[in-house]
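Note sheet for the following structure.
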Amino acid sequence: MHTSTDSGNIVFQTLGLTKVYDMGEVQVHALRGVDMELYAGELVVLLGPSGSGKSTLLNILGGLDIPTDGKVIYRDHDLTRSTDRELTEYRRYHVGFVFQFYNLIPSLTACENVAVVTEIAKKPMRPEDALAIVGLNDRLDHFPAQLSGGEQQRVAIARAIAKNPTVLLCDEPTGALDSTTGIVVLEAIERVNRDLGTTTAVITHNAGIADMADRVMQLSDGLLAEQHRNKQKKSPQQLHW
Amino acid sequence: MKTLDRKLLRDLWHMRGQAIAIALVIVSGVATFIMSLSTLHSLQLTQATFYQDYRFADVFVSLKRAPEALRARIAEIPGVDKVETRVVTQVNLDIEGFSDPVRGQVLSIPDEGESILNRLYLRQGRLVDSTRDREVVLTEAFAQAHGLKLGDSLHAIINGRRKALTIVGIVLSPEYIYQLGPGDLSPDFKHYGIMWMARKPLGTAYDMEDAFNDVVLTLFAGSQPEDVIDRLDDLLEPYGGLGAYEREDQISHRYLSEDFKQLGQMATIFPIIFLGVAAFLLNVAATRLISTQREQIAALKAFGYSNLDVGLHYQKLIIVVVLVGVVGGLGVGVWLGTGLSEIYMQFYRFPFLKYELQPGVVMAAVVVSVLAAVFGTSNAVRKAILLPPAEAMRPEPPAGYRQTLIERLGLQRMFSQPTRMIARHLERRPVKSLLSVAGIAFACAIMMVGRFQEDAIEYMVDVQFELAQRQDLTVTFVEPTSGRGLYELQSLQGVEHAEAFRVVPARLRFGHRSYRTSIQGIEPDGVLQRLLDAELKPIELPPAGVILTKHLSKMLGIRPGDLLTVEVLEGRRPVREVPVVALVKEYVGLSAYMERSALNRLMHEGNAISGVHLSADIRYESEIYTALKKTPRVAGTVARENAIRNLFDSFGDTLLIFTFVNTLLAGTIAFGVVYNSARIAVSERSRELASLRVLGFTRAEISYILLGELGALTLVAIPFGLVIGLGLCAYIASGLQTDLYRVPLILEPSTYAFAATVVLLSACISGLMVRRHLDHLDLVAVLKTKE
């Protein structure tokens, strides 16, 4: 379906990805055989209602979780066959995460929250520079509790990109924010994608965000229901929900 | 500093209340450990140095009288290194301005100038000059007790003759580090003095010119003391030998060894309890911390921190708390250790105290504490390590509650909704609840240990002086005397009642076991000295047979009805088989008793007595003392009042300090456990409690839900604590069952009440501190934050 055929640019490829959660007496099928690709430098929005399996997909792509069945290929690595140590290394050097609830460490300042990641990365940018990219260079020494939700999420984005990751995975980055603040956050994500060329996947249940993507995938009930390429990418300022 | 370490410090600061509470418990554990071990090692080192430098003997023996020529034959016994013969006598002393009877022991110093064994450490002045017959050196303790200085004089009744002696030196002796008078319960420096005179004048006064009545010797390394003792006893038997004994049985050394044993015991029990509680508290705190930081852990792992990194991070946090506790404990331990050593120095007369903190002890404290903490928290840290990041991203599932046993039994109508919440919460985590109960219970138990010694000593004194020995004065004669001596004393003005007694040194033998003690012959219908059975009822004295102290019968493995071999070590030294007819309960010493006339018959003697117990009118006290001092035959007088007062004087301060320290320690544990549980409960349930406030519950009502749980834990813990305390005291008492004394397991009701009160108070204080947090619960903020 996709137009790009240059398989050399494929960052992620999943084949028959299945995830079943064993919840005691019931089994929850979060993913039921998802086949998809992600290409270098693109910004993809994964849409789906809650329970559609999008977070599970993102977690598996990020090496946080392993599928019950199927394959995930990151470049030439089969993540499904990686050891825990390899997955840790993969996350450490290649993946940047942004979470719905920011997951900042409350006892560290904005700058330190970024530093906690740059300290273990290979060629990180300076935490101050990362924060400058998200427009927070005047908030370096503030603790999370002293920042607004949008600012916290931007710190989280700075933290995610500071290591110069290959992919940026964002799980409902605006889920806990009002739309104005959400747009500021999306702008930050877009700028990273555009300026640094970081392959970016944003999952959301908010269809309004989909217009800023290169490509939109629709997940429903653990299956990839539909995907399309946006002919006209909108900038975050043009979005509203 | 790494950013993660910065997080660690800030996390610690955030939970400082809990961290301090836990560190305090560790401080207590490490402090008791350091205090007891450093004191023990210091005392042992001091003792060893003193023994070695001042040539403390290996074997000791007293006898009636032997010619000096025998010394060469003693020296020939294989294994004997050095021999010193001495003249040792008991005297009555007269000190100006002090009317109480004072007994003393005078030992000879060789005329050549200095002893070869049991040498004296000269604190002041000089040793005696053998050409002058009125010079004496005193132990420092005795001199201090009476404010005696060099050049002062005192009077001694030496062999019936009153003699003025001039003090030329103040000394300390390895033989009298612990100075206990015969029959005394505690060192009494005012009423019992030890002194040394030149051999010549002392020998002349006691008809011991070129003769001796006491021998001390050292052995070559590797020689068998038992063999030497056997040969020595054979050699001295014709000279009235009283049986040689090893250093282990030397009285001063024995008391030291027993105290060292107790210190060793203290160095184990208390630290185990404290570190156990600390490990538990750390585990609870770490578990809670890790569960509140689930999302942070998930984020760290998502960004590529390995499981090991995360595990180490939390482990580091725990170790920081432990190290703070250890450092504090070291400080407090050294402080308490020097204090405790000073207390011991009041009992033990060492010339110096080498207080030092051995690096090994410090290392041990660090290693044991860190290991306890690491082991105790391994479960919590493992949780952090194993926490799958994807799962950690999601909030913790709501805790699973169920109906409690009470509710399943259908009794719920008796309880309000909040009370049901308390019960369900407690029942949901039974292990944690149980461990909290155990922690608080141990606080209660430690409190009891602090008071136990006081109770036991008071009880022993009651039994010893109110029920068994009810005389006001005990007068002993220099030698066995005819029964007429009784009437002389009875006729003294102020004496109300007098009872004669006979004491005979003897070795008691049953099978292959034997014990050297004395047989006391007492009056059958005595009202002053009585024997008590296990129920403390006076025993009727049978006309024949011997009565043994229960502990002695156990040591000899003999039971009533068995025949005991009595080898008398006095006079014609008869050896007789005597049936054991009864056992008595006594807490001090190991004696055997017979009816006096039966003992006289056994000795083939007439109506002989060794001394007299007197009850007297207090108004005539000084007249009686004066009269007794003038009576030549009287070797010594002991006043009961003085003995009791002295006992409390010598132990009073120590006990007070122990009780105080134990109260602090117990308070620390109680506070640590309750405060921690409370803080964690607040953190776990603030949302729930804030919701209730929003629904209209008052502050008091939500406080009840939270603090009621702690109250319930405390109330459940107290009875357990009392039982554990009893067990701990029983364990400590079991270490205090020796032939010197047996400390009974006695705990007064007031001790139970006191322990429970201290725990309740600590719980209340920590409850109030936490209540503050509840009052400041930010309802809106709590409800806004996501679970």
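In the structure tokens, each chain is lettered A, B, ... as it comes, each chain's residues begin at 1, and ligands are numbered from 1 in order of appearance.
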Taking 2 positions as the minimum chain separation for residues in the same chain, which residues sit within 8 Å of Ile251 in chain B when counting only C-alpha atoms? Answer as an mmCIF file with N, CA and C atoms, in the first residue's frame.
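The resulting file, selection-v3.cif, is reproduced below:
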data_model
loop_
_atom_site.group_PDB
_atom_site.id
_atom_site.type_symbol
_atom_site.label_atom_id
_atom_site.label_comp_id
_atom_site.auth_asym_id
_atom_site.auth_seq_id
_atom_site.Cartn_x
_atom_site.Cartn_y
_atom_site.Cartn_z
ATOM 1 N N TYR B 178 38.882 -7.371 91.321
ATOM 2 C CA TYR B 178 37.542 -7.362 91.895
ATOM 3 C C TYR B 178 37.713 -7.720 93.359
ATOM 4 N N LEU B 180 36.284 -8.648 96.602
ATOM 5 C CA LEU B 180 35.080 -9.122 97.271
ATOM 6 C C LEU B 180 35.471 -9.737 98.600
ATOM 7 N N ASP B 249 39.387 -20.381 88.933
ATOM 8 C CA ASP B 249 38.537 -20.387 90.124
ATOM 9 C C ASP B 249 38.918 -19.284 91.095
ATOM 10 N N HIS B 253 39.270 -13.176 89.352
ATOM 11 C CA HIS B 253 39.291 -13.586 87.955
ATOM 12 C C HIS B 253 37.936 -14.134 87.512
ATOM 13 N N ARG B 254 37.315 -14.909 88.411
ATOM 14 C CA ARG B 254 36.014 -15.495 88.096
ATOM 15 C C ARG B 254 34.980 -14.417 87.787
ATOM 16 N N TYR B 255 34.922 -13.400 88.660
ATOM 17 C CA TYR B 255 33.927 -12.343 88.461
ATOM 18 C C TYR B 255 34.175 -11.604 87.154
#
- Message: I want to know what sits within 10 Å of range 189-192 of chain A, based on only C-alpha atoms, with residues of the same chain fewer than 6 positions away left out; could you give that as an MDAnalysis selection string?
- Response: chainID A and resid 43 98 130 133:134 154 157:158 161 164 168 170 173 183 198:202 212:213 235:236
With C-alpha atoms retained, write the just-selected residues as a compact mmCIF listing (two decimals), in the first residue's frame.
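Written output follows (again_31.txt):
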# COMPACT_ATOMS: atom_id res chain seq x y z
CA LEU A 43 6.52 10.96 11.23
CA VAL A 98 7.82 10.23 25.42
CA ALA A 130 18.11 19.54 24.10
CA ILE A 133 15.19 22.69 21.09
CA VAL A 134 11.92 22.37 23.01
CA ARG A 154 8.56 19.24 26.64
CA ILE A 157 10.74 15.30 24.75
CA ALA A 158 14.10 16.95 25.38
CA ILE A 161 15.91 13.38 21.91
CA ASN A 164 20.19 11.58 19.36
CA LEU A 168 11.29 8.76 18.82
CA CYS A 170 5.56 9.06 21.74
CA PRO A 173 2.09 12.88 24.31
CA ILE A 183 0.01 22.02 20.21
CA THR A 198 14.46 11.37 13.76
CA THR A 199 11.98 8.71 12.76
CA THR A 200 8.95 9.47 14.91
CA ALA A 201 5.91 7.45 15.88
CA VAL A 202 3.14 9.17 17.81
CA MET A 212 0.52 16.43 11.09
CA ALA A 213 1.79 12.97 10.11
CA SER A 235 1.75 22.06 10.90
CA PRO A 236 0.66 21.65 14.54
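Using only C-alpha atoms, the contacts of His29 in chain A at a cut-off of 9 Å, with sequence neighbours closer than 3 positions omitted, comprise Thr18, Lys19, Val20, Tyr21, Asp22, Arg32, Gly53, Asp221 and Gly222 of chain A.
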Restricting the output to C-alpha atoms, write the selected residues as an mmCIF file, in the first residue's frame.
data_model
loop_
_atom_site.group_PDB
_atom_site.id
_atom_site.type_symbol
_atom_site.label_atom_id
_atom_site.label_comp_id
_atom_site.auth_asym_id
_atom_site.auth_seq_id
_atom_site.Cartn_x
_atom_site.Cartn_y
_atom_site.Cartn_z
ATOM 1 C CA THR A 18 0.752 -10.897 18.295
ATOM 2 C CA LYS A 19 0.521 -10.112 21.985
ATOM 3 C CA VAL A 20 -1.634 -11.982 24.435
ATOM 4 C CA TYR A 21 -1.860 -10.915 28.071
ATOM 5 C CA ASP A 22 -2.637 -13.603 30.520
ATOM 6 C CA ARG A 32 -3.645 -10.052 16.694
ATOM 7 C CA GLY A 53 -3.363 -2.243 21.128
ATOM 8 C CA ASP A 221 -8.998 -4.313 18.158
ATOM 9 C CA GLY A 222 -5.389 -5.448 17.843
#
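Within range 9-98 of chain A, DSSP applied to the backbone places the following residues in helix (DSSP H, G or I): Asn9, Lys54, Ser55, Thr56, Leu57, Leu58, Asn59, Ile60, Leu61, Leu79, Thr80, Arg81, Asp84, Arg85, Glu86, Leu87, Thr88, Glu89, Tyr90, Arg91, Arg92, Tyr93 and His94 of chain A.
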- Message: Give me, as a ChimeraX atom specification, all polymer residues having an atom no more than 12 Å from range 117-128 of chain A, counting only C-alpha atoms and skipping those fewer than 6 positions away in the same chain.
- Response: /A:88-97,104-105,109-111,134-141,155-165,196 /B:1-5,299-306,309
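Minimum atom-to-atom distance to chain A, evaluated using only C-alpha atoms, belongs to B:Asn307 out of B:Asn307, B:Gln47, B:Thr32, B:Thr637.
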- Item | Test item: chain B residues at most 12 Å from chain A, counting only C-alpha atoms, as an NGL selection string | :B and (1-15 or 292-310 or 385-395 or 397 or 781 or 784-787)
- Message: Give me the residues near Val277 in chain B as a PyMOL selection string, where near means some atom within 6 Å (using only C-alpha atoms) and where sequence neighbours in that chain fewer than 3 positions away do not count.
- Response: chain B and resi 274+280+439
- Query: Skipping near chain neighbours, those fewer than 6 positions away, what residues fall within 10 Å of Ser52 in chain A using only C-alpha atoms, listed as a PyMOL selection string?
  - Reply: chain A and resi 29-31+205+218-224
- Would you mind listing what lies within 12 Å of Arg73 in chain B as a PyMOL selection string, with only C-alpha atoms counted and same-chain residues fewer than 4 positions away left out? chain B and resi 66-69+77-78+80+83+85+231-232+234-236
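In this model, the gap between CA of Gln453 in chain B and CA of Leu747 in chain B comes to 8.8 Å.
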- Which of B:Met197, B:Asp184, B:Ser153, B:Pro359 sits closest to Thr131 in chain B [using only C-alpha atoms]: B:Met197
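The smallest atom-to-atom distance between Glu42 in chain A and any of A:Ala145, A:Ile10, A:Leu57, A:Ala176, using only C-alpha atoms, is found for A:Ile10.
Taking CA of Ala733 in chain B as the reference point, CA of Leu745 in chain B is found at 6.2 Å.
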- Can you list, as an NGL selection string, every residue of range 27-215 of chain A that DSSP puts in strand (DSSP E)? :A and (27-39 or 43-47 or 69-74 or 77-78 or 95-98 or 167-171 or 199-204 or 215)
Kindly export the residues of the current selection with C-alpha atoms, as an mmCIF file, in the first residue's frame.
data_model
loop_
_atom_site.group_PDB
_atom_site.id
_atom_site.type_symbol
_atom_site.label_atom_id
_atom_site.label_comp_id
_atom_site.auth_asym_id
_atom_site.auth_seq_id
_atom_site.Cartn_x
_atom_site.Cartn_y
_atom_site.Cartn_z
ATOM 1 C CA GLN A 27 -6.697 -13.846 28.030
ATOM 2 C CA VAL A 28 -6.515 -10.406 26.479
ATOM 3 C CA HIS A 29 -5.457 -10.292 22.842
ATOM 4 C CA ALA A 30 -3.823 -6.891 22.592
ATOM 5 C CA LEU A 31 -2.331 -7.502 19.144
ATOM 6 C CA ARG A 32 -3.645 -10.052 16.694
ATOM 7 C CA GLY A 33 -1.069 -10.193 13.941
ATOM 8 C CA VAL A 34 0.123 -6.746 12.936
ATOM 9 C CA ASP A 35 2.270 -6.291 9.816
ATOM 10 C CA MET A 36 3.731 -2.840 9.336
ATOM 11 C CA GLU A 37 6.849 -0.858 8.440
ATOM 12 C CA LEU A 38 8.319 2.400 9.578
ATOM 13 C CA TYR A 39 10.621 4.350 7.280
ATOM 14 C CA LEU A 43 6.518 10.963 11.227
ATOM 15 C CA VAL A 44 3.811 8.382 11.703
ATOM 16 C CA VAL A 45 0.673 8.736 13.759
ATOM 17 C CA LEU A 46 -0.876 5.554 15.075
ATOM 18 C CA LEU A 47 -4.551 6.174 15.722
ATOM 19 C CA ASP A 69 4.260 -14.286 18.485
ATOM 20 C CA GLY A 70 5.538 -12.704 15.287
ATOM 21 C CA LYS A 71 8.646 -10.710 14.534
ATOM 22 C CA VAL A 72 9.971 -7.182 14.983
ATOM 23 C CA ILE A 73 12.942 -6.253 12.870
ATOM 24 C CA TYR A 74 14.782 -3.066 13.784
ATOM 25 C CA HIS A 77 18.207 -6.820 14.292
ATOM 26 C CA ASP A 78 15.454 -9.194 15.235
ATOM 27 C CA VAL A 95 15.169 4.791 21.230
ATOM 28 C CA GLY A 96 13.704 7.954 22.677
ATOM 29 C CA PHE A 97 10.458 7.650 24.604
ATOM 30 C CA VAL A 98 7.819 10.233 25.421
ATOM 31 C CA VAL A 167 13.519 6.648 16.662
ATOM 32 C CA LEU A 168 11.288 8.761 18.821
ATOM 33 C CA LEU A 169 8.283 6.915 20.223
ATOM 34 C CA CYS A 170 5.564 9.055 21.742
ATOM 35 C CA ASP A 171 2.691 7.512 23.681
ATOM 36 C CA THR A 199 11.978 8.707 12.756
ATOM 37 C CA THR A 200 8.954 9.468 14.913
ATOM 38 C CA ALA A 201 5.908 7.451 15.880
ATOM 39 C CA VAL A 202 3.141 9.168 17.809
ATOM 40 C CA ILE A 203 0.250 7.165 19.143
ATOM 41 C CA THR A 204 -2.941 8.866 20.054
ATOM 42 C CA ARG A 215 1.559 8.591 7.388
#
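Here CA of Asn676 in chain B stands at a distance of 18.5 Å from CA of Glu427 in chain B.
The smallest atom-to-atom distance between Tyr192 in chain B and any of B:Val478, B:Ala57, B:Val91, B:Ile167, using only C-alpha atoms, is found for B:Val91.
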